[in-house]
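Structure first, then comments.
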Number of protein chains: 4
Amino acid sequence: MAVESTARMRIPETMRAWALFGPGDLRPVRKPVPRPGPAEVLVKIEAVAICGTDLEILRKGLPAMIEGGSPFNGEHVIGHEYVGTVAALGPAVDEFDVGDRVVVEIHAGCGRCERCRHGAYTSCLNYSYRAKGHRANGFTTDGGFAEYAVNHVNTVFPLPDHIPFDEATLVVTAGTSIYGLDVLGGLIAGESLLVIGPGPIGLMTVACGKALGAEVILAGTREARLRLGRELGADHVVNVRDQPLVEAVRTLTPRGLGVDLVMECSGAPEAVNQAVHCAKRGGRICLAAFSNDLVALDAAHLVRNNLYLYGIRGEGHGATKRGLALMAQGKISGRPFITHRFALDDLPRAIETFEKRIDDAIKVVVTP
Amino acid sequence: MAVESTARMRIPETMRAWALFGPGDLRPVRKPVPRPGPAEVLVKIEAVAICGTDLEILRKGLPAMIEGGSPFNGEHVIGHEYVGTVAALGPAVDEFDVGDRVVVEIHAGCGRCERCRHGAYTSCLNYSYRAKGHRANGFTTDGGFAEYAVNHVNTVFPLPDHIPFDEATLVVTAGTSIYGLDVLGGLIAGESLLVIGPGPIGLMTVACGKALGAEVILAGTREARLRLGRELGADHVVNVRDQPLVEAVRTLTPRGLGVDLVMECSGAPEAVNQAVHCAKRGGRICLAAFSNDLVALDAAHLVRNNLYLYGIRGEGHGATKRGLALMAQGKISGRPFITHRFALDDLPRAIETFEKRIDDAIKVVVTP
Amino acid sequence: MAVESTARMRIPETMRAWALFGPGDLRPVRKPVPRPGPAEVLVKIEAVAICGTDLEILRKGLPAMIEGGSPFNGEHVIGHEYVGTVAALGPAVDEFDVGDRVVVEIHAGCGRCERCRHGAYTSCLNYSYRAKGHRANGFTTDGGFAEYAVNHVNTVFPLPDHIPFDEATLVVTAGTSIYGLDVLGGLIAGESLLVIGPGPIGLMTVACGKALGAEVILAGTREARLRLGRELGADHVVNVRDQPLVEAVRTLTPRGLGVDLVMECSGAPEAVNQAVHCAKRGGRICLAAFSNDLVALDAAHLVRNNLYLYGIRGEGHGATKRGLALMAQGKISGRPFITHRFALDDLPRAIETFEKRIDDAIKVVVTP
Amino acid sequence: MAVESTARMRIPETMRAWALFGPGDLRPVRKPVPRPGPAEVLVKIEAVAICGTDLEILRKGLPAMIEGGSPFNGEHVIGHEYVGTVAALGPAVDEFDVGDRVVVEIHAGCGRCERCRHGAYTSCLNYSYRAKGHRANGFTTDGGFAEYAVNHVNTVFPLPDHIPFDEATLVVTAGTSIYGLDVLGGLIAGESLLVIGPGPIGLMTVACGKALGAEVILAGTREARLRLGRELGADHVVNVRDQPLVEAVRTLTPRGLGVDLVMECSGAPEAVNQAVHCAKRGGRICLAAFSNDLVALDAAHLVRNNLYLYGIRGEGHGATKRGLALMAQGKISGRPFITHRFALDDLPRAIETFEKRIDDAIKVVVTP
């Protein structure tokens with residue numbers, strides 16, 4: 001017998017989902033449709049995009065494991081860039097109605113550690129501690145490669161009708177970009193911004209940076225991606241195969257002083273130190289990607305030049321809501337990012353397309 | 001004939017000073033007493049402390065050279081931790097009277113670059129550009145190992161009568177500590193703070209951290225310094241010869257989460273990465289010292305844990321004034337830092353005592 | 001049969017409490033001892049101080065009523081400045097042990113509105129909405145004039161053994177002072193601070209301002225209170241019966257420019273405009289008290305002088321924890337504030353003493 | 001004989017200008033062309049817009065008089081919204097070249113008071129003190145109703161060729177809007193913003209708010225202006241003749257909670273208190289205009305709802321540069337604001353047109 005929501009939508013007892021059985025071992029399963037608890041809603045998933053982090057978890061597990069152990073348990077569902085429709089409401093939830101189109105963000109903090117209490121929910125000190133309320137869907141709790149998912153109301157935002165579901169999957173990406181830009185200064189109109197790495201987050205940072213009025217330089221190695229960066233508004237692009245990055249940035253900036261702000265989105269080990277040397281004295285650098293290797297850093301340069309280096313985790317400071325607002329106003333769009341679409345049943349092929357960048361894949365969207 | 005100040009003090013035409021003639025080559029000279037221009041005062045120096053940076057410049061010159069070239073010109077005077085008495089006023093200066101006891105801070109920005117205009121004067125983009133107004137006495141303009149120095153009014157603060165001149169030389173040190181603590185959060189009462197490196201800045205950061213209500217852990221290798229740190233109020237001290245730093249800090253903090261804030265004052269190459277791993281998720285790390293080597297950094301740890309890493313240059317944000325206020329109220333004191341005193345004519349011996357830490361020297365003060 | 005806690009403490013089924021039956025009508029009742037839910041603890045109350053706001057609620061009810069209606073229901077318990085011992089833990093609570101000595105703060109936000117999510121829990125948009133998780137003990141949920149109370153773990157802090165319970169009731173007061181000082185700048189060492197109104201919050205703001213290194217002027221009308229302010233460290237006191245406030249402050253500040261910061265703690269209708277005129281250009285004013293009347297404000301003066309005026313609700317930004325840290329370090333103390341002590345059964349006489357300021361009452365503490 | 005600039009431009013010895021001879025008494029005069037000093041440039045004025053503040057000064061003088069007395073001295077030139085071409089450089093100026101197209105901002109602080117040193121140059125404590133370096137062209141030093149003016153380099157920004165001079169006069173207006181929006185939060189994408197008063201600053205705030213991604217409500221009384229506001233992007237307009245403002249705003253916002261942010265640009269005495277009641281709990285209100293009367297304020301509402309009220313003076317925080325960047329990128333434009341153009345010799349008729357709003361005048365631009 002199916003669960004009855006408080007309103008109209010009929011919800012089955014079980015659903016299709018893809019579960020992790022081991023490193024790289026993703027299999028289709030049937031799982032019970034989860035039930036929303038207090039302050040939660042059930043989301044019927046309409047589209048989900050594949051993110052590089054999904055591959056990390058698929059291959060290696062998680063930096064912070066799900067409570068009680070490994071995600072390779074035949075149950076854990078990954079996928080965190082999803083959108084959908086509210087299908088059912090938990091007790092005392094009046095923020096949404098069944099049928100509402102919504103986008104989600106990843107992190108619901110525990111709400112009871114000192115970080116959460118001060119608004120830094122992506123830095124929750126009870127990360128992965130489900131019993132204390134923490135959720136990071138697709139990381140520590142079930143995610144979006146399934147027909148349904150449960151979300152804390154804090155992680156759900158109304159999606160205007162004029163934004164198609166597939167394009168809206170990019171709101172999560174925009175959340176990371178905006179969080180970085182917020183940490184770097186917030187009001188960045190008129191500042192110079194270097195974006196390193198034209199992957200989805202880097203390209204979206206170009207789009208968001210332009211939407212907010214910055215002057216943007218994009219650096220990378222792949223011409224096709226740099227070209228897209230230019231279409232997204234980058235004022236300058238630098239192919240670091242042609243010219244050393246630091247030299248190129250100094251050439252592009254007045255008096256060779258470097259840029260005000262840097263977003264490092266490549267994860268290349270040498271990029272951190274290059275980022276630091278591309279910044280103007282008194283500038284700020286944000287790391288939104290990372291290599292697992294130790295990186296060599298000229299820390300003296302940080303001190304002598306009063307530089308600030310920010311690591312950011314996810315999409316804090318309400319950045320998802322801000323990214324959604326920019327998309328709703330047409331200042332950014334998910335469309336240029338989506339190169340491929342697959343059905344949920346075709347997830348392995350979707351992942352392969354994304355991972356191997358088949359046909360220059362940027363964002364691959366999966367729909368049920 | 002001597003210059004007549006607007007008021008009472010008689011000023012000679014020339015003065016004793018120590019000038020740099022080459023790397024490590026400091027010689028006594030007679031120089032004209034400088035004349036204060038607009039927005040400047042002449043300070044009769046009453047005491048000057050030796051700082052590690054003085055040795056850097058003495059041996060190697062400057063990261064940002066004085067305008068027009070090398071400091072090894074037979075004229076440049078180093079020394080930046082000085083205090084004294086206002087001896088003469090430049091045109092339209094009414095902020096001070098001749099005879100006022102004063103402490104100084106180092107950086108007077110140009111006032112016309114975008115950093116200065118936004119208050120970030122230690123990050124001046126016209127660093128060392130004297131014609132545009134920049135001064136960093138002892139670095140790019142003449143400093144305090146002399147009988148007189150000229151200071152921009154922005155770098156002069158009234159010294160209450162009850163603070164002896166020699167103790168007041170530590171106000172400049174406190175300025176760096178306070179700037180770091182300001183960048184780390186400002187209101188740090190109730191936060192946990194790790195200070196790495198019990199040199200003068202590290203020890204002063206312990207004192208300032210305690211004055212502002214933080215819980216302080218001090219880490220270092222020398223027992224005598226750690227003992228002094230405890231006398232200055234450190235709640236815990238860690239001798240890293242006995243126990244690995246990260247392990248020790250995790251043991252000392254609830255749930256092994258690490259500290260909220262870290263001030264790295266040792267300049268040891270491995271300290272940056274250790275500092276990062278001693279911080280709690282969502283914490284902040286300030287680098288107030290540096291090694292000239294590249295350091296190995298776990299940048300992934302920064303990103304995963306939303307850590308912020310701040311390089312600070314000098315004593316920005318009005319930190320000198322704040323340090324002076326704490327000293328005037330008896331919340332910090334320069335006295336425990338001063339181990340040796342010499343006459344100005346004995347400067348070489350004073351420097352040797354400081355450099356070789358003869359008799360456990362911490363701060364060595366020189367008086368005319 | 002009594003509830004058994006997870007640990008040692010035996011808890012009765014019912015307790016003594018004082019309930020509101022109508023405006024001004026407070027009566028002793030027996031109530032069931034409440035049970036802590038998820039993320040909650042049960043606190044055995046050891047001391048509770050009377051606050052001016054208690055009288056407001058006692059006489060007039062609440063600005064934001066408890067859910068479902070009036071507090072004059074024969075059940076509602078007021079009193080929010082209490083301290084005690086943890087008597088029982090809710091499910092999945094491991095932050096505390098039974099037997100822990102604790103202080104409390106007032107506001108537990110819903111954790112799910114946009115204000116709470118960004119750390120502004122005293123501005124919760126679901127104020128008084130119990131089903132969504134909001135609690136403000138003594139305001140919208142039961143408070144401390146009773147033997148037990150339930151608190152969300154976010155509102156409980158460990159109390160060191162060396163602070164007596166009665167003195168610790170002042171931590172809540174310090175929370176408001178510190179919140180105000182945080183909003184005004186946080187790192188206020190070396191700034192000039194005017195405190196208007198020597199009631200408990202004003203006097204505690206003097207103590208906290210001095211602990212953090214500000215130069216403090218206290219203004220009021222009652223000589224005894226001003227004298228206590230001076231004992232708590234005020235650098236200057238102004239009796240506004242002797243000299244107009246604005247004139248006095250201009251006389252006390254260099255060049256007659258006024259103070260950097262103002263905390264208005266009197267609630268006098270004319271005090272807001274006076275506060276604004278006592279501030280230096282570019283200064284900041286915090287309102288921690290209020291009159292229910294409209295006040296006349298020279299808004300043009302705010303604009304012309306770039307002044308910021310902050311209303312603060314309660315003890316946000318983790319201020320309670322910071323106040324507790326200052327008290328634990330002996331930088332502030334509750335002792336000078338406590339003039340009278342009564343047993344819980346004597347609550348009416350305790351309230352009368354406080355309200356009529358019998359024998360110069362400042363803080364009146366009630367113990368079970 | 002004419003002054004020779006360091007470069008190409010020939011500069012006459014005298015120029016046409018309009019000087020103040022008494023309240024309301026503006027007369028054409030010939031004045032010497034001023035010479036730029038250190039850190040200054042001479043600007044050949046190409047266009048200047050009339051601002052409401054010009055009328056204030058013309059009729060009543062200045063809140064902070066020019067040094068030494070009254071502006072009604074037969075010499076003082078008003079006008080601060082001008083743009084032009086660099087005609088000559090002061091000593092050691094290399095930031096600009098002769099011939100550069102430039103926009104200006106108003107405030108050059110003294111650079112030596114504590115406000116300037118911390119970047120708050122519009123709050124300069126030496127306002128009008130010319131000998132200490134303060135300039136506010138058109139207020140305390142000569143302004144733009146003339147052929148030439150001298151500007152501190154801090155107040156000059158390069159104007160891209162594709163922006164016509166007349167449209168660029170609106171950059172100064174945008175500076176005030178952006179400063180307000182910066183104070184209100186900076187990154188305001190996705191926030192709700194109420195703008196009260198559809199004068200030039202209010203309308204420009206609508207345009208800037210939309211450019212930065214806010215949801216904007218504009219309130220006013222004149223239909224034509226509200227219509228223009230809608231064309232500039234306002235999501236909602238409220239004619240307060242039809243509906244009380246507070247009621248209208250509550251109707252337009254979810255749960256009737258009010259808006260996140262308010263910019264008060266009308267100067268109507270009742271608008272301050274209305275603004276406060278239109279803000280959501282925890283919201284922020286910025287006053288960019290003012291009435292000279294005392295206003296009645298519900299200060300209790302500020303405290304109970306944790307509201308912050310900011311007075312802003314002019315265009316601080318580098319806002320002019322940011323406004324110029326938005327204009328250069330086509331995100332805002334001066335064109336819709338300019339309703340009338342006059343020659344400099346016709347200044348009286350230009351002023352009358354602006355003052356009496358002849359033909360619905362919004363911005364009236366004067367060109368030499």
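In the structure tokens, chains take the letters A, B, ... in the order shown, each chain's residues start at 1, and ligands count up from 1 in the order shown.
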- Message: What are the residues of chain C lining chain B at 6 Å or less? Count only C-alpha atoms, and put the answer as a list of chain:residue names.
- Response: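 Result, ordered by chain then number: C:Gly186, C:Leu187, C:Ala189, C:Gly190, C:Leu212, C:Gly213, C:Arg322, C:Ala325, C:Leu326.
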- Query: Got a sec: who's within 12 Å of Arg230 in chain A, counting only C-alpha atoms, leaving out chain neighbours fewer than 4 positions off, as a list of chain:residue names?
  - Reply: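 The residues that qualify are A:Pro198, A:Leu203, A:Met204, A:Val206, A:Ala207, A:Lys210, A:Val216, A:Ile217, A:Leu218, A:Ala219, A:Gly220, A:Glu223, A:Ala224, A:Arg225, A:Leu226, A:Ala234, A:Asp235, A:His236, A:Val237, A:Val238, A:Pro336.
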Given the selection you just returned, output its residues as a file containing N, CA and C atoms, formatted as a short mmCIF file (atom, residue, chain, number, x, y, z; two decimals), in the first residue's frame.
data_model
loop_
_atom_site.label_atom_id
_atom_site.label_comp_id
_atom_site.auth_asym_id
_atom_site.auth_seq_id
_atom_site.Cartn_x
_atom_site.Cartn_y
_atom_site.Cartn_z
N PRO A 198 38.46 25.54 -16.28
CA PRO A 198 37.14 25.70 -16.92
C PRO A 198 36.29 24.44 -16.86
N LEU A 203 33.50 27.38 -14.97
CA LEU A 203 32.69 28.08 -15.98
C LEU A 203 31.50 28.79 -15.33
N MET A 204 30.89 28.13 -14.36
CA MET A 204 29.76 28.78 -13.68
C MET A 204 30.24 29.99 -12.89
N VAL A 206 32.64 31.93 -13.81
CA VAL A 206 32.74 32.98 -14.83
C VAL A 206 31.37 33.64 -15.02
N ALA A 207 30.37 32.82 -15.20
CA ALA A 207 29.02 33.35 -15.45
C ALA A 207 28.53 34.18 -14.26
N LYS A 210 30.53 37.48 -13.89
CA LYS A 210 30.06 38.49 -14.85
C LYS A 210 28.69 39.02 -14.44
N VAL A 216 36.49 39.47 -15.62
CA VAL A 216 36.87 38.07 -15.41
C VAL A 216 37.92 37.60 -16.41
N ILE A 217 38.96 36.97 -15.87
CA ILE A 217 39.95 36.25 -16.67
C ILE A 217 39.75 34.76 -16.39
N LEU A 218 39.66 33.97 -17.44
CA LEU A 218 39.54 32.52 -17.26
C LEU A 218 40.80 31.86 -17.79
N ALA A 219 41.36 30.96 -17.00
CA ALA A 219 42.57 30.24 -17.42
C ALA A 219 42.31 28.74 -17.47
N GLY A 220 42.87 28.09 -18.51
CA GLY A 220 42.71 26.65 -18.62
C GLY A 220 43.57 26.11 -19.74
N GLU A 223 40.90 24.40 -25.35
CA GLU A 223 40.39 25.53 -26.14
C GLU A 223 38.87 25.58 -26.17
N ALA A 224 38.24 24.41 -26.30
CA ALA A 224 36.77 24.40 -26.41
C ALA A 224 36.15 24.98 -25.13
N ARG A 225 36.73 24.61 -24.00
CA ARG A 225 36.21 25.12 -22.74
C ARG A 225 36.47 26.62 -22.59
N LEU A 226 37.64 27.05 -23.01
CA LEU A 226 37.94 28.49 -22.93
C LEU A 226 37.00 29.28 -23.83
N ALA A 234 33.54 35.77 -20.10
CA ALA A 234 34.91 36.06 -19.68
C ALA A 234 35.49 37.18 -20.53
N ASP A 235 36.11 38.16 -19.89
CA ASP A 235 36.69 39.28 -20.62
C ASP A 235 38.00 38.88 -21.29
N HIS A 236 38.72 37.97 -20.65
CA HIS A 236 39.97 37.47 -21.19
C HIS A 236 40.05 35.98 -20.91
N VAL A 237 40.66 35.25 -21.83
CA VAL A 237 40.96 33.85 -21.53
C VAL A 237 42.46 33.62 -21.73
N VAL A 238 43.01 32.74 -20.93
CA VAL A 238 44.43 32.42 -21.01
C VAL A 238 44.57 30.91 -21.17
N PRO A 336 23.86 26.37 -21.27
CA PRO A 336 25.11 26.16 -22.01
C PRO A 336 25.96 25.03 -21.44
#
- Message: Report as a list in words all protein, DNA and RNA residues lying within 7 Å of Ala47 in chain B, evaluated on only C-alpha atoms, omitting residues in the same chain fewer than 2 positions from it.
- Response: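 Here the qualifying residues turn out to be Ile45, Ala49, Tyr82, Val83, Gly84, Phe165, Asp166, Thr169, Val365, Val366, Thr367 and Pro368 of chain B.
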- Would you return as a ChimeraX atom specification the members of range 65-189 of chain B that DSSP assigns to alpha helix (DSSP H) on this structure's backbone? /B:114-117,165-168,170-184
- Taking the backbone alone, and naming residues the way the document does, which bits of range 30-94 of chain D are strand (DSSP E or B) by DSSP, as a PyMOL selection string? chain D and resi 30-32+40-49+81-89
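CA of Ile11 in chain B to CA of Ala108 in chain B spans 24.1 Å [interatomic distance, one decimal].
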- Residues within 9 Å of Gly74 in chain A, only C-alpha atoms, excluding chain neighbours under 2 positions, as a ChimeraX atom specification: /A:19-22,26-27,29,71-72,76-77
- Minimum-distance residue to Ala39 in chain C, chosen among A:Val156, A:Asp25, A:Val172, A:Ala131 (using only C-alpha atoms):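 Looking only at the distances to Ala39 in chain C, the closest residue turns out to be A:Ala131.
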